[in-house]
Structures are given as C-alpha cells and as structure tokens.
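One file, query.cif, carrying mmCIF, C-alpha atoms:
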data_query
#
loop_
_atom_site.label_atom_id
_atom_site.label_comp_id
_atom_site.auth_asym_id
_atom_site.auth_seq_id
_atom_site.Cartn_x
_atom_site.Cartn_y
_atom_site.Cartn_z
CA MET A 380 117.27 72.89 125.05
CA MET A 381 115.32 69.95 123.70
CA PRO A 382 114.90 69.95 119.95
CA GLY A 383 111.44 71.17 119.09
CA GLU A 384 110.88 72.90 122.39
CA GLY A 385 109.66 76.44 121.84
CA ILE A 386 110.50 76.25 118.16
CA TYR A 387 107.84 77.70 115.93
CA PRO A 388 107.75 78.02 112.16
CA LEU A 389 108.44 81.34 110.47
CA PRO A 390 105.50 82.79 108.57
CA GLU A 391 106.41 83.12 104.93
CA GLY A 392 106.83 86.76 104.06
CA HIS A 393 109.19 89.62 103.40
CA LEU A 394 110.74 91.90 105.97
CA ASN A 395 110.09 94.72 103.48
CA TRP A 396 106.39 94.13 104.10
CA VAL A 397 106.89 94.62 107.81
CA PHE A 398 108.67 97.94 107.33
CA GLY A 399 105.84 99.10 105.08
CA LEU A 400 103.25 98.06 107.64
CA LEU A 401 105.00 100.08 110.35
CA GLU A 402 105.04 103.16 108.07
CA VAL A 403 101.32 102.75 107.46
CA LEU A 404 100.63 102.42 111.19
CA GLU A 405 102.64 105.54 111.93
CA ASP A 406 100.62 107.48 109.33
CA HIS A 407 97.41 106.18 110.91
CA GLY A 408 98.28 107.35 114.41
CA GLY A 409 99.71 104.04 115.66
CA ARG A 410 96.65 101.81 115.42
CA GLU A 411 94.52 100.50 112.58
CA ASP A 412 92.16 97.69 111.70
CA GLY A 413 94.01 94.98 109.76
CA TYR A 414 91.20 94.45 107.31
CA LYS A 415 91.03 98.17 106.55
CA ILE A 416 94.77 98.29 105.80
CA SER A 417 94.48 95.39 103.40
CA ARG A 418 91.51 97.03 101.65
CA ASP A 419 93.09 100.50 101.46
CA LEU A 420 96.33 99.14 100.03
CA ASN A 421 94.67 96.52 97.87
CA PHE A 422 96.95 94.03 99.62
CA LYS A 423 95.75 90.43 100.00
CA PHE A 424 94.25 89.91 103.44
CA ASP A 425 95.96 86.49 103.83
CA ASP A 426 99.30 88.15 103.17
CA LEU A 427 98.50 90.97 105.55
CA LEU A 428 97.75 88.50 108.34
CA ARG A 429 101.19 87.00 107.79
CA VAL A 430 102.86 90.42 107.86
CA MET A 431 101.05 91.15 111.12
CA LYS A 432 102.31 87.85 112.49
CA ILE A 433 105.92 88.57 111.47
CA ALA A 434 105.74 92.08 112.94
CA GLU A 435 104.41 90.56 116.15
CA ILE A 436 107.20 87.95 116.31
CA LEU A 437 109.66 90.83 115.97
CA GLY A 438 107.96 92.66 118.84
CA PHE A 439 107.05 95.68 116.67
CA VAL A 440 103.27 95.41 117.02
CA THR A 441 100.56 93.69 118.99
CA THR A 442 97.38 92.49 117.33
CA PRO A 443 94.43 92.72 119.71
CA THR A 444 91.09 91.76 118.11
CA GLY A 445 92.07 92.25 114.49
CA ASP A 446 93.70 95.63 115.04
CA VAL A 447 97.39 96.29 114.61
CA VAL A 448 98.99 98.46 117.28
CA LEU A 449 102.45 99.99 116.90
CA GLU A 450 104.56 99.18 119.97
CA PRO A 451 107.55 101.19 121.30
CA LEU A 452 110.09 98.90 119.59
CA GLY A 453 108.28 99.41 116.28
CA LYS A 454 108.48 103.17 116.76
CA ARG A 455 112.16 102.93 117.59
CA PHE A 456 112.66 100.84 114.47
CA LEU A 457 111.02 103.51 112.29
CA GLU A 458 113.32 106.17 113.70
CA SER A 459 116.44 104.07 113.08
CA ASP A 460 118.76 104.02 110.10
CA VAL A 461 119.27 100.87 108.09
CA ASN A 462 122.18 99.54 110.17
CA GLN A 463 120.42 100.11 113.48
CA ARG A 464 117.42 98.36 111.95
CA LYS A 465 119.52 95.32 111.18
CA LEU A 466 120.73 95.25 114.78
CA ILE A 467 117.19 95.44 116.15
CA ILE A 468 115.98 92.64 113.85
CA GLY A 469 119.05 90.55 114.72
CA GLU A 470 118.44 90.97 118.41
CA GLN A 471 114.79 89.95 118.07
CA LEU A 472 115.50 86.98 115.83
CA ARG A 473 118.16 85.60 118.14
CA ARG A 474 115.38 85.13 120.68
CA HIS A 475 113.29 83.17 118.20
CA GLY A 476 113.53 79.43 118.88
CA LEU A 477 114.45 78.48 115.34
CA PHE A 478 117.20 81.06 114.94
CA ASN A 479 118.47 80.31 118.42
CA TYR A 480 118.65 76.62 117.54
CA PHE A 481 120.66 77.12 114.35
CA ILE A 482 123.01 79.67 115.87
CA ARG A 483 123.87 77.11 118.56
CA LEU A 484 124.13 74.31 116.03
CA LEU A 485 126.44 76.30 113.75
CA ARG A 486 128.55 77.39 116.69
CA ALA A 487 129.12 73.72 117.49
CA GLN A 488 130.58 73.03 114.02
CA PRO A 489 134.34 73.27 113.56
CA ASP A 490 133.99 75.72 110.63
CA ARG A 491 130.69 77.17 111.86
CA SER A 492 128.90 76.05 108.75
CA LEU A 493 126.56 73.32 107.49
CA SER A 494 125.46 72.16 104.07
CA LYS A 495 121.93 73.03 103.04
CA GLU A 496 121.00 69.34 103.05
CA VAL A 497 121.86 69.00 106.72
CA VAL A 498 119.92 72.16 107.57
CA LEU A 499 116.88 70.77 105.74
CA GLU A 500 117.13 67.55 107.75
CA HIS A 501 117.15 69.49 110.99
CA LEU A 502 114.18 71.53 109.81
CA ALA A 503 112.27 68.37 108.91
CA ILE A 504 112.78 67.05 112.44
CA LEU A 505 112.07 70.33 114.20
CA LEU A 506 109.04 71.35 112.16
CA PRO A 507 107.55 68.25 110.56
CA ASN A 508 104.44 70.08 109.40
CA GLU A 509 106.31 72.71 107.41
CA LYS A 510 108.02 72.58 104.05
CA PRO A 511 111.74 72.57 104.92
CA GLU A 512 112.81 74.28 101.70
CA LYS A 513 110.44 77.21 102.30
CA MET A 514 111.52 77.51 105.91
CA PHE A 515 115.16 77.45 104.81
CA ASN A 516 114.62 80.23 102.27
CA THR A 517 112.87 82.44 104.81
CA MET A 518 115.54 81.78 107.42
CA VAL A 519 118.31 82.61 104.94
CA THR A 520 116.64 85.83 103.79
CA TRP A 521 115.87 87.14 107.27
CA GLY A 522 119.21 85.88 108.56
CA ARG A 523 121.04 87.68 105.77
CA PHE A 524 119.18 90.90 106.48
CA ALA A 525 120.05 90.71 110.17
CA GLU A 526 123.58 89.55 109.32
CA LEU A 527 123.15 86.49 111.52
CA PHE A 528 123.52 83.89 108.79
CA GLY A 529 125.11 83.71 105.40
CA TYR A 530 124.51 81.25 102.64
CA SER A 531 126.66 80.56 99.63
CA LYS A 532 124.89 78.61 96.93
CA ASP A 533 128.16 78.07 95.08
CA GLU A 534 129.90 76.51 98.07
CA ASP A 535 126.72 75.01 99.54
CA ARG A 536 127.52 76.57 102.89
CA PHE A 537 125.02 77.84 105.43
CA TYR A 538 127.17 79.66 107.95
CA LEU A 539 127.24 81.92 110.93
CA ASP A 540 127.98 85.54 110.10
CA GLN A 541 131.24 86.31 111.89
CA ASP A 542 129.89 89.06 114.13
CA THR A 543 127.00 87.00 115.50
CA PRO A 544 127.21 87.19 119.29
CA GLN A 545 126.27 84.37 121.67
CA PRO A 546 122.58 83.52 121.61
CA PRO A 547 120.66 84.13 124.83
CA GLN A 548 120.26 80.96 126.87
CA PRO A 549 116.67 79.76 126.83
CA MET B 225 122.50 127.32 85.48
CA ALA B 226 120.30 124.27 85.21
CA LEU B 227 121.98 120.93 85.77
CA LEU B 228 119.93 119.33 83.03
CA GLU B 229 117.98 121.10 80.34
CA LEU B 230 115.66 119.69 77.70
CA SER B 231 115.17 122.04 74.83
CA HIS B 232 112.41 121.34 72.27
CA ILE B 233 112.82 117.58 72.38
CA SER B 234 110.80 115.68 69.79
CA LYS B 235 110.84 112.05 68.84
CA SER B 236 109.18 110.36 65.93
CA TYR B 237 109.46 106.98 64.27
CA PRO B 238 109.10 106.17 60.57
CA HIS B 239 105.61 104.93 59.81
CA ALA B 240 103.68 103.69 56.78
CA LYS B 241 102.01 107.09 56.33
CA GLY B 242 105.04 109.25 56.94
CA SER B 243 106.13 109.44 60.57
CA LEU B 244 104.63 108.72 63.97
CA SER B 245 105.27 111.38 66.57
CA VAL B 246 105.70 110.04 70.12
CA ILE B 247 107.15 113.12 71.81
CA ASP B 248 106.35 116.60 70.62
CA ASP B 249 108.40 119.64 71.61
CA VAL B 250 109.11 119.00 75.29
CA SER B 251 111.22 121.56 77.17
CA PHE B 252 112.05 121.85 80.86
CA ALA B 253 115.04 122.38 83.11
CA ILE B 254 116.13 120.66 86.32
CA SER B 255 118.31 122.19 89.02
CA GLU B 256 120.73 120.32 91.25
CA GLY B 257 118.94 118.89 94.29
CA GLU B 258 115.49 118.65 92.75
CA PHE B 259 113.26 115.59 92.83
CA ILE B 260 111.19 115.61 89.64
CA ALA B 261 108.41 113.21 88.76
CA ILE B 262 107.09 112.75 85.23
CA VAL B 263 103.51 111.46 85.18
CA GLY B 264 101.17 110.72 82.36
CA PRO B 265 99.05 108.00 80.78
CA SER B 266 100.62 105.16 78.83
CA GLY B 267 101.64 106.30 75.38
CA CYS B 268 102.75 109.76 76.52
CA GLY B 269 106.37 108.89 75.84
CA LYS B 270 107.55 109.41 79.43
CA SER B 271 109.83 106.37 79.45
CA THR B 272 111.19 107.26 76.02
CA LEU B 273 111.93 110.75 77.33
CA LEU B 274 113.94 109.26 80.19
CA ARG B 275 115.94 107.18 77.72
CA ILE B 276 116.59 110.24 75.56
CA ILE B 277 117.93 112.06 78.64
CA ASN B 278 120.22 109.12 79.39
CA GLY B 279 121.28 108.89 75.76
CA ILE B 280 120.07 105.34 75.13
CA VAL B 281 117.57 106.56 72.53
CA PRO B 282 118.43 109.49 70.24
CA GLN B 283 115.90 112.32 69.90
CA SER B 284 114.68 113.30 66.45
CA SER B 285 115.14 116.98 67.17
CA GLY B 286 115.96 119.28 70.06
CA GLN B 287 118.78 119.23 72.56
CA VAL B 288 119.61 117.73 75.93
CA LEU B 289 122.04 120.00 77.78
CA TYR B 290 123.97 118.81 80.79
CA ASN B 291 125.69 121.64 82.66
CA GLY B 292 125.05 123.74 79.58
CA ARG B 293 126.82 121.35 77.25
CA GLN B 294 125.20 119.20 74.63
CA ILE B 295 125.48 115.47 75.31
CA ASP B 296 126.30 113.11 72.51
CA GLY B 297 125.65 109.42 73.30
CA ILE B 298 125.27 108.00 76.81
CA ASN B 299 125.47 110.55 79.61
CA LEU B 300 127.76 108.94 82.19
CA GLU B 301 126.60 111.45 84.80
CA CYS B 302 123.20 109.73 84.79
CA ALA B 303 122.30 106.24 86.04
CA LEU B 304 119.06 104.40 85.43
CA VAL B 305 116.88 102.27 87.68
CA PHE B 306 114.39 100.06 85.83
CA GLN B 307 110.96 98.69 86.66
CA SER B 308 112.12 95.20 85.65
CA PHE B 309 115.28 95.54 87.84
CA ALA B 310 117.37 94.34 84.85
CA LEU B 311 119.72 92.23 86.96
CA MET B 312 122.05 89.56 85.57
CA PRO B 313 120.66 86.26 86.91
CA TRP B 314 124.05 84.52 86.75
CA LEU B 315 125.79 87.14 88.87
CA THR B 316 125.65 87.56 92.65
CA VAL B 317 124.36 90.77 94.23
CA GLU B 318 127.91 92.03 94.62
CA ASP B 319 128.85 91.25 91.02
CA ASN B 320 125.67 92.87 89.72
CA VAL B 321 126.63 96.09 91.50
CA GLU B 322 130.20 95.86 90.25
CA MET B 323 129.47 95.21 86.59
CA PRO B 324 128.77 98.77 85.39
CA LEU B 325 131.75 100.06 87.38
CA GLU B 326 133.99 97.65 85.55
CA ALA B 327 132.45 98.78 82.27
CA ARG B 328 133.15 102.40 83.20
CA GLY B 329 136.79 101.57 83.88
CA VAL B 330 136.72 102.23 87.63
CA PRO B 331 139.92 100.70 89.14
CA PRO B 332 139.39 97.51 91.22
CA GLU B 333 140.33 98.99 94.61
CA VAL B 334 137.90 101.92 94.13
CA ARG B 335 135.26 99.46 92.95
CA ARG B 336 135.54 97.35 96.08
CA LYS B 337 135.17 100.37 98.35
CA ARG B 338 132.17 101.69 96.47
CA ILE B 339 130.44 98.31 96.32
CA SER B 340 130.57 97.82 100.08
CA PHE B 341 129.59 101.46 100.71
CA TYR B 342 126.47 101.35 98.53
CA ILE B 343 125.46 97.82 99.44
CA ASP B 344 125.45 99.09 103.01
CA LYS B 345 123.49 102.26 102.12
CA VAL B 346 120.60 100.36 100.54
CA GLY B 347 120.43 97.76 103.32
CA LEU B 348 121.87 94.84 101.34
CA ASP B 349 124.63 93.95 103.79
CA GLY B 350 124.48 90.19 104.24
CA PHE B 351 123.14 89.60 100.71
CA GLU B 352 126.43 90.06 98.83
CA GLU B 353 126.69 86.47 97.62
CA ALA B 354 122.98 85.93 96.95
CA TYR B 355 121.73 85.45 93.39
CA PRO B 356 118.77 87.48 92.08
CA ARG B 357 116.45 84.45 92.09
CA GLU B 358 116.99 84.11 95.85
CA LEU B 359 115.66 87.64 96.35
CA SER B 360 112.17 89.15 96.66
CA GLY B 361 111.19 91.98 94.31
CA GLY B 362 111.95 94.55 96.98
CA MET B 363 115.44 93.20 97.50
CA LYS B 364 116.03 93.03 93.74
CA GLN B 365 115.17 96.70 93.40
CA ARG B 366 117.60 97.50 96.21
CA VAL B 367 120.26 95.87 94.05
CA GLY B 368 119.11 97.99 91.10
CA LEU B 369 119.42 101.08 93.28
CA ALA B 370 122.85 100.12 94.66
CA ARG B 371 124.08 99.47 91.14
CA ALA B 372 122.90 102.90 89.97
CA LEU B 373 124.31 104.71 93.03
CA ALA B 374 127.67 102.96 92.82
CA ALA B 375 128.24 104.68 89.48
CA GLU B 376 128.05 107.90 91.55
CA PRO B 377 125.89 109.73 89.02
CA ARG B 378 124.87 113.37 89.41
CA VAL B 379 121.35 112.51 88.23
CA LEU B 380 119.40 109.39 89.14
CA LEU B 381 116.87 108.40 86.48
CA MET B 382 114.14 106.03 87.61
CA ASP B 383 111.64 104.37 85.30
CA GLU B 384 108.58 103.18 87.27
CA PRO B 385 110.94 101.79 89.94
CA PHE B 386 108.22 100.68 92.36
CA SER B 387 105.44 99.71 89.95
CA ALA B 388 106.31 96.01 89.93
CA LEU B 389 106.26 95.79 93.73
CA ASP B 390 103.40 95.08 96.12
CA ALA B 391 101.99 98.01 98.11
CA LEU B 392 103.83 97.42 101.41
CA THR B 393 107.20 96.86 99.75
CA ALA B 394 106.71 99.99 97.64
CA ILE B 395 106.01 102.05 100.79
CA THR B 396 109.25 100.77 102.32
CA LEU B 397 111.37 101.51 99.27
CA ARG B 398 109.91 104.99 98.74
CA GLU B 399 110.83 105.94 102.29
CA GLU B 400 114.33 104.59 101.83
CA LEU B 401 114.77 106.41 98.54
CA LEU B 402 113.87 109.70 100.26
CA ASP B 403 116.39 108.90 102.99
CA ILE B 404 119.11 108.33 100.41
CA TRP B 405 118.15 111.48 98.51
CA ARG B 406 118.50 113.55 101.72
CA LEU B 407 121.66 111.84 102.95
CA PRO B 408 124.57 114.33 103.06
CA ASP B 409 127.06 111.68 101.86
CA SER B 410 124.81 110.48 99.06
CA PRO B 411 126.42 111.00 95.64
CA VAL B 412 123.20 112.03 94.01
CA HIS B 413 120.74 114.70 95.08
CA THR B 414 118.90 115.08 91.80
CA ILE B 415 116.27 112.52 90.87
CA LEU B 416 114.05 112.25 87.82
CA MET B 417 111.38 109.57 88.20
CA VAL B 418 108.82 108.37 85.69
CA THR B 419 105.65 106.98 87.22
CA HIS B 420 102.01 106.43 86.34
CA ILE B 421 101.03 106.49 90.02
CA ILE B 422 99.93 110.04 90.76
CA GLU B 423 100.04 109.65 94.55
CA GLU B 424 103.61 108.42 94.31
CA ALA B 425 104.60 111.54 92.37
CA ILE B 426 102.95 113.85 94.91
CA GLU B 427 104.47 112.02 97.85
CA LEU B 428 108.02 112.19 96.50
CA ALA B 429 108.55 115.06 94.10
CA ASP B 430 109.32 118.77 94.34
CA ARG B 431 107.91 119.26 90.85
CA ILE B 432 105.62 117.15 88.71
CA MET B 433 105.82 117.22 84.94
CA VAL B 434 102.40 116.21 83.69
CA MET B 435 102.43 114.76 80.19
CA GLY B 436 99.62 114.12 77.74
CA ALA B 437 99.56 111.37 75.14
CA HIS B 438 99.38 111.00 71.34
CA PRO B 439 101.76 112.59 70.86
CA GLY B 440 103.54 112.92 74.19
CA ARG B 441 103.78 116.54 75.28
CA LEU B 442 104.19 118.54 78.43
CA ILE B 443 100.88 119.89 79.72
CA ALA B 444 101.90 121.17 83.15
CA ASP B 445 104.94 121.85 85.30
CA LEU B 446 103.51 121.71 88.80
CA LYS B 447 105.41 122.67 91.94
CA VAL B 448 104.38 120.52 94.93
CA ASP B 449 104.18 122.86 97.90
CA LEU B 450 103.59 120.36 100.70
CA PRO B 451 105.73 119.91 103.82
CA ARG B 452 107.75 116.70 104.14
CA PRO B 453 107.24 113.99 105.26
CA ARG B 454 104.05 113.99 103.24
CA ASP B 455 100.88 112.43 104.50
CA ARG B 456 98.66 110.93 101.81
CA ARG B 457 95.63 111.52 103.99
CA ALA B 458 96.25 115.25 104.40
CA GLU B 459 93.78 117.55 102.67
CA GLY B 460 96.47 119.36 100.68
CA PHE B 461 97.57 116.03 99.24
CA ASN B 462 94.14 115.40 97.74
CA VAL B 463 94.02 118.86 96.22
CA TYR B 464 97.17 118.01 94.24
CA ALA B 465 95.90 114.56 93.34
CA ASP B 466 92.65 116.02 91.95
CA LYS B 467 94.56 118.65 90.04
CA VAL B 468 96.88 116.15 88.34
CA PHE B 469 93.99 113.79 87.57
CA SER B 470 91.94 116.51 85.94
CA LEU B 471 94.92 117.82 83.94
CA ILE B 472 95.50 114.36 82.50
CA GLU B 473 91.82 113.73 81.88
CA GLU B 474 91.15 117.05 80.13
CA ARG B 475 93.85 116.43 77.56
CA SER B 476 93.22 112.80 76.76
#

The structure in this file should be written as structure tokens.
Amino acid sequence: MMPGEGIYPLPEGHLNWVFGLLEVLEDHGGREDGYKISRDLNFKFDDLLRVMKIAEILGFVTTPTGDVVLEPLGKRFLESDVNQRKLIIGEQLRRHGLFNYFIRLLRAQPDRSLSKEVVLEHLAILLPNEKPEKMFNTMVTWGRFAELFGYSKDEDRFYLDQDTPQPPQP
Amino acid sequence: MALLELSHISKSYPHAKGSLSVIDDVSFAISEGEFIAIVGPSGCGKSTLLRIINGIVPQSSGQVLYNGRQIDGINLECALVFQSFALMPWLTVEDNVEMPLEARGVPPEVRRKRISFYIDKVGLDGFEEAYPRELSGGMKQRVGLARALAAEPRVLLMDEPFSALDALTAITLREELLDIWRLPDSPVHTILMVTHIIEEAIELADRIMVMGAHPGRLIADLKVDLPRPRDRRAEGFNVYADKVFSLIEERS
C-alpha cells in the first residue's frame, strides 16, 4: 500500500455519540432527518453531522439526502453487549485506511510500539491538511475502545494491543 | 423489610435569624431491586438528601435506617457517582478505580480482580492506563461508575450523573446503566438517582420522589407504571411528564 492511498482523516467525535445516535434511530423506527434529531436533542448540527459521518464510516448507518438510516450492522450493534460492541468496532476500524496503516506499521516494529512523536510525523505526511495531534487523540481513543491500540503517556509508547489480529490486505 | 429507610429526616443550618431549614421531615423507604429517582427544582435539598443517606452530611433530626439498623457515619454499603465525576487527575483510570478499594482495606489480589471485572463491565477495557484529561465526559463518567461499582455497594447513589454530558452521550450512558442494573452478576440492584431532568427520571425509575423547595420536602411518591424499555414518545410517557411538571409547579 502506498502511503496516503485510501487514507482518510477521522472526524473528530466521540464513539459515545454514535451509540446514542443509534439508540435515537431505533426509537424513531430506523430512519430520521438529521436536522430534526439535532433540533429535538438540542445537539449542535455541526456535531451531529460529524456523528453521522463516524457512524457511516463504521457501517452502522447510511445518510441519503440528509436522513440517517439504521443499517443491519447498526441494529446488530445495538443488540450486542459491550464486549461484542468492541469487537464490531475493532473489525470496522481495521478496514479504515488510517488504522490499517498504523497496525501494519506497529507490526513492523521489533517491540510493536512507536513514540508519539513518530506517530505524529507519520500523520503529518499521511494527512497534511489535518492537525496531527487531534488525529492522534481520536485514533488513541477509538483504538483503546476497540482494543486495537494502547497508549501510555508515562512511557510515551503507542503500541499494538496484544490481541490485534492481522489487518485485512488492501 | 426495607433495605433503606428515611424516617423524618430534617436538615437545617444556623442562620442570622435562627436557623435555615433546607430539608423538612422527609420519610420514604426503598426495597432491594428498586430504581428510585428524586426530582425537584434547585434548592429542594435533593443532593443534600443523597449525602445524608451516604453519611457525608449529618441530618439535624430523623433517622436513616439500613437493613433496619441506624447508620452512624459513612454507610459503606452505599457508593456515590457525582455529576463532576470527581476523578483524581494524577491517577490513571485503573488507579482511580482502585483508590477507594485501597481505602476500604480490600486486599490487593481481590482489588486486581474487581478492577478488571468492573472496568470490563462499563466498557473501559483498553483505557486502563489513560489519564482523566485524555478522556471525554462520557468516558470519565464510566470511570466514576466503575469506581462506585468496584466497591460492590448494595445501593448505588447517583447525583445528577448525566447532567454534565451532551444529549447523545447521556442517552448512551443511561442505556448502559439500565443494562448494569439488570445484569444478574451486577453487585448492585438498588439505585437512588437525583436528577432535575424529569424525562430522565421517568425513563429510568420504578418510583419518582417529587420534592418541593424552600424548604425541601417530599410532595409525591409516584410509581412509574410503564413497560420497559421506555419510549419517550409514547403517550403514557407524556402523561407522567405532565403530572410531575404540574406537581412541581403547584408547590413552588
């Protein structure tokens, strides 16, 4: 894989938002207008657009013409317990170019870890239009949730969680 | 017998013109397995009441009975979850969960088992070595919940636990709290939650204690007879919401 190929930035946002959005969609019969959700919940529309985007990246919803539609994987997610949820998120994120890239990069290191500084350098090259620090924080948070990545501030180690299986080949 | 019983609880503070009454003669009982919400306007003393139950704040008169016995000082069978999360910023997630266990004298090997069990239960696996400032509000409150659960209390006391969170995160955490409450291997099946959000109370609770302000007093003990999971858009839901609103409005 060429660096930069098929690698897209992560929208800034919390996975907790995504879970909430799926609950709302389920209550609304599986489909709702994005603007209406943001108004009903008094949730900033800009933020809601980012949640929709994250949920779409994860394959939980589609967003035709401003609506949000709950997809089968989103339904399965809602019916899952917290550990199954982590597995589903992990599986989806491994397919994301950025996660795929760092899983492969970490795997190539003797101790399967990198310092934050090195990760930021890679991010700056891969996604020159994004703020590397923000991208790093999002990647760490989502990666921790999915138990793909770990990060120790004290040891300055960004590392592969031990159970992370091989990434799919692009 | 009730698990927890409040009998004629009053609280007043010394004041220039005598004393200021913040809670006036509140009595109710909670059975094992109940989810109780206390709602009321600000100044009704609902948070103070929670702290009296936990033993952080002493009542001026009346009794708190736990399993029929009067509690003197902190009730170790209760654990509190705060609106502000109240995490130690210099400790990792894992150490934040461990701290009260250490304080309660739980042996290290039991502590380790409990920490990993409850970190797993609240979905914090993978965040063990993170510091609070690396976490979103929703994740911080998961730490607050894990810390409370790890003490394996019989009663979980929650003071506006979701009020500092945005709407979508609050939806997520409410669902997860209900899951934990229903879980057969959960240590705690009795929850007492203070909230000013009426819909939150109706969505979660078996019974709602409606309090009035100045001084704080109990004005209704309302059983919520709606099937779970509860749909905020159902007609029955609105009937309860209107009822609680009008109760609070009439008395303030």

Inset, instruction - Quote the spacing between CA of His438 in chain B and CA of Cys268 in chain B in Å to one decimal place. - result: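 Separation between CA of His438 in chain B and CA of Cys268 in chain B: 6.3 Å.
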
Inset, instruction - Specify as number ranges by chain each residue included when the PyMOL selection byres ((chain B) within 8 of (chain A)) is applied to this file. - result: B: 344-351, 353-354, 358-360, 362, 390-396, 455

Could you list the residues chosen by the PyMOL selection byres ((chain B and resi 388) around 8) in this structure as a PDB file with C-alpha atoms, keeping the file's coordinate frame?
ATOM      1  CA  GLN B 307     110.960  98.690  86.660  1.00  0.00           C
ATOM      2  CA  SER B 308     112.120  95.200  85.650  1.00  0.00           C
ATOM      3  CA  GLY B 361     111.190  91.980  94.310  1.00  0.00           C
ATOM      4  CA  GLU B 384     108.580 103.180  87.270  1.00  0.00           C
ATOM      5  CA  PRO B 385     110.940 101.790  89.940  1.00  0.00           C
ATOM      6  CA  PHE B 386     108.220 100.680  92.360  1.00  0.00           C
ATOM      7  CA  SER B 387     105.440  99.710  89.950  1.00  0.00           C
ATOM      8  CA  LEU B 389     106.260  95.790  93.730  1.00  0.00           C
ATOM      9  CA  ASP B 390     103.400  95.080  96.120  1.00  0.00           C
TER      10      ASP B 390
END

Find the residues around Val250 in chain B up to 8 Å (all atoms listed in the file counted), leave out those fewer than 5 positions away in its own chain, and share them as an mmCIF file with C-alpha atoms, in the coordinates of the input.
data_model
loop_
_atom_site.group_PDB
_atom_site.id
_atom_site.type_symbol
_atom_site.label_atom_id
_atom_site.label_comp_id
_atom_site.auth_asym_id
_atom_site.auth_seq_id
_atom_site.Cartn_x
_atom_site.Cartn_y
_atom_site.Cartn_z
ATOM 1 C CA LEU B 230 115.660 119.690 77.700
ATOM 2 C CA SER B 231 115.170 122.040 74.830
ATOM 3 C CA HIS B 232 112.410 121.340 72.270
ATOM 4 C CA ILE B 233 112.820 117.580 72.380
ATOM 5 C CA SER B 234 110.800 115.680 69.790
ATOM 6 C CA ARG B 441 103.780 116.540 75.280
ATOM 7 C CA LEU B 442 104.190 118.540 78.430
#

Inset, instruction - Please provide as a PyMOL selection string all residues within 8 Å of Glu256 in chain B, with the sequence filter that same-chain residues fewer than 6 positions apart are discarded (counting only C-alpha atoms). - result: chain B and resi 226-227+413-414

Inset, instruction - Considering all atoms listed in the file, return as a VMD selection string whatever protein or nucleic-acid residues lie within 10 Å of range 314-317 of chain B, sequence-local ones (same chain, fewer than 2 positions apart) excluded. - result: (chain A and resid 531 to 532) or (chain B and resid 311 to 312 319 to 323 339 343 348 351 to 359 363 to 364 366 to 368 370 to 371)

Take the residues from that selection and write them out as an mmCIF file, in the frame of the given file, keeping C-alpha atoms.
data_model
loop_
_atom_site.group_PDB
_atom_site.id
_atom_site.type_symbol
_atom_site.label_atom_id
_atom_site.label_comp_id
_atom_site.auth_asym_id
_atom_site.auth_seq_id
_atom_site.Cartn_x
_atom_site.Cartn_y
_atom_site.Cartn_z
ATOM 1 C CA SER A 531 126.660 80.560 99.630
ATOM 2 C CA LYS A 532 124.890 78.610 96.930
ATOM 3 C CA LEU B 311 119.720 92.230 86.960
ATOM 4 C CA MET B 312 122.050 89.560 85.570
ATOM 5 C CA ASP B 319 128.850 91.250 91.020
ATOM 6 C CA ASN B 320 125.670 92.870 89.720
ATOM 7 C CA VAL B 321 126.630 96.090 91.500
ATOM 8 C CA GLU B 322 130.200 95.860 90.250
ATOM 9 C CA MET B 323 129.470 95.210 86.590
ATOM 10 C CA ILE B 339 130.440 98.310 96.320
ATOM 11 C CA ILE B 343 125.460 97.820 99.440
ATOM 12 C CA LEU B 348 121.870 94.840 101.340
ATOM 13 C CA PHE B 351 123.140 89.600 100.710
ATOM 14 C CA GLU B 352 126.430 90.060 98.830
ATOM 15 C CA GLU B 353 126.690 86.470 97.620
ATOM 16 C CA ALA B 354 122.980 85.930 96.950
ATOM 17 C CA TYR B 355 121.730 85.450 93.390
ATOM 18 C CA PRO B 356 118.770 87.480 92.080
ATOM 19 C CA ARG B 357 116.450 84.450 92.090
ATOM 20 C CA GLU B 358 116.990 84.110 95.850
ATOM 21 C CA LEU B 359 115.660 87.640 96.350
ATOM 22 C CA MET B 363 115.440 93.200 97.500
ATOM 23 C CA LYS B 364 116.030 93.030 93.740
ATOM 24 C CA ARG B 366 117.600 97.500 96.210
ATOM 25 C CA VAL B 367 120.260 95.870 94.050
ATOM 26 C CA GLY B 368 119.110 97.990 91.100
ATOM 27 C CA ALA B 370 122.850 100.120 94.660
ATOM 28 C CA ARG B 371 124.080 99.470 91.140
#

Legend entry - Among the residues B:Pro451, B:Pro331, B:Pro282, B:Pro439, the one that comes closest to Val246 in chain B [using all atoms listed in the file]: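 For Val246 in chain B, the nearest of the given residues is B:Pro439.
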
Inset, instruction - Rank A:Leu493, A:Ile504, A:Leu477, A:Ile468 by their smallest atom-to-atom distance to Met518 in chain A, using all atoms listed in the file, and report the top residue only. - result: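 Using all atoms listed in the file, Met518 in chain A sits closest to A:Leu477.
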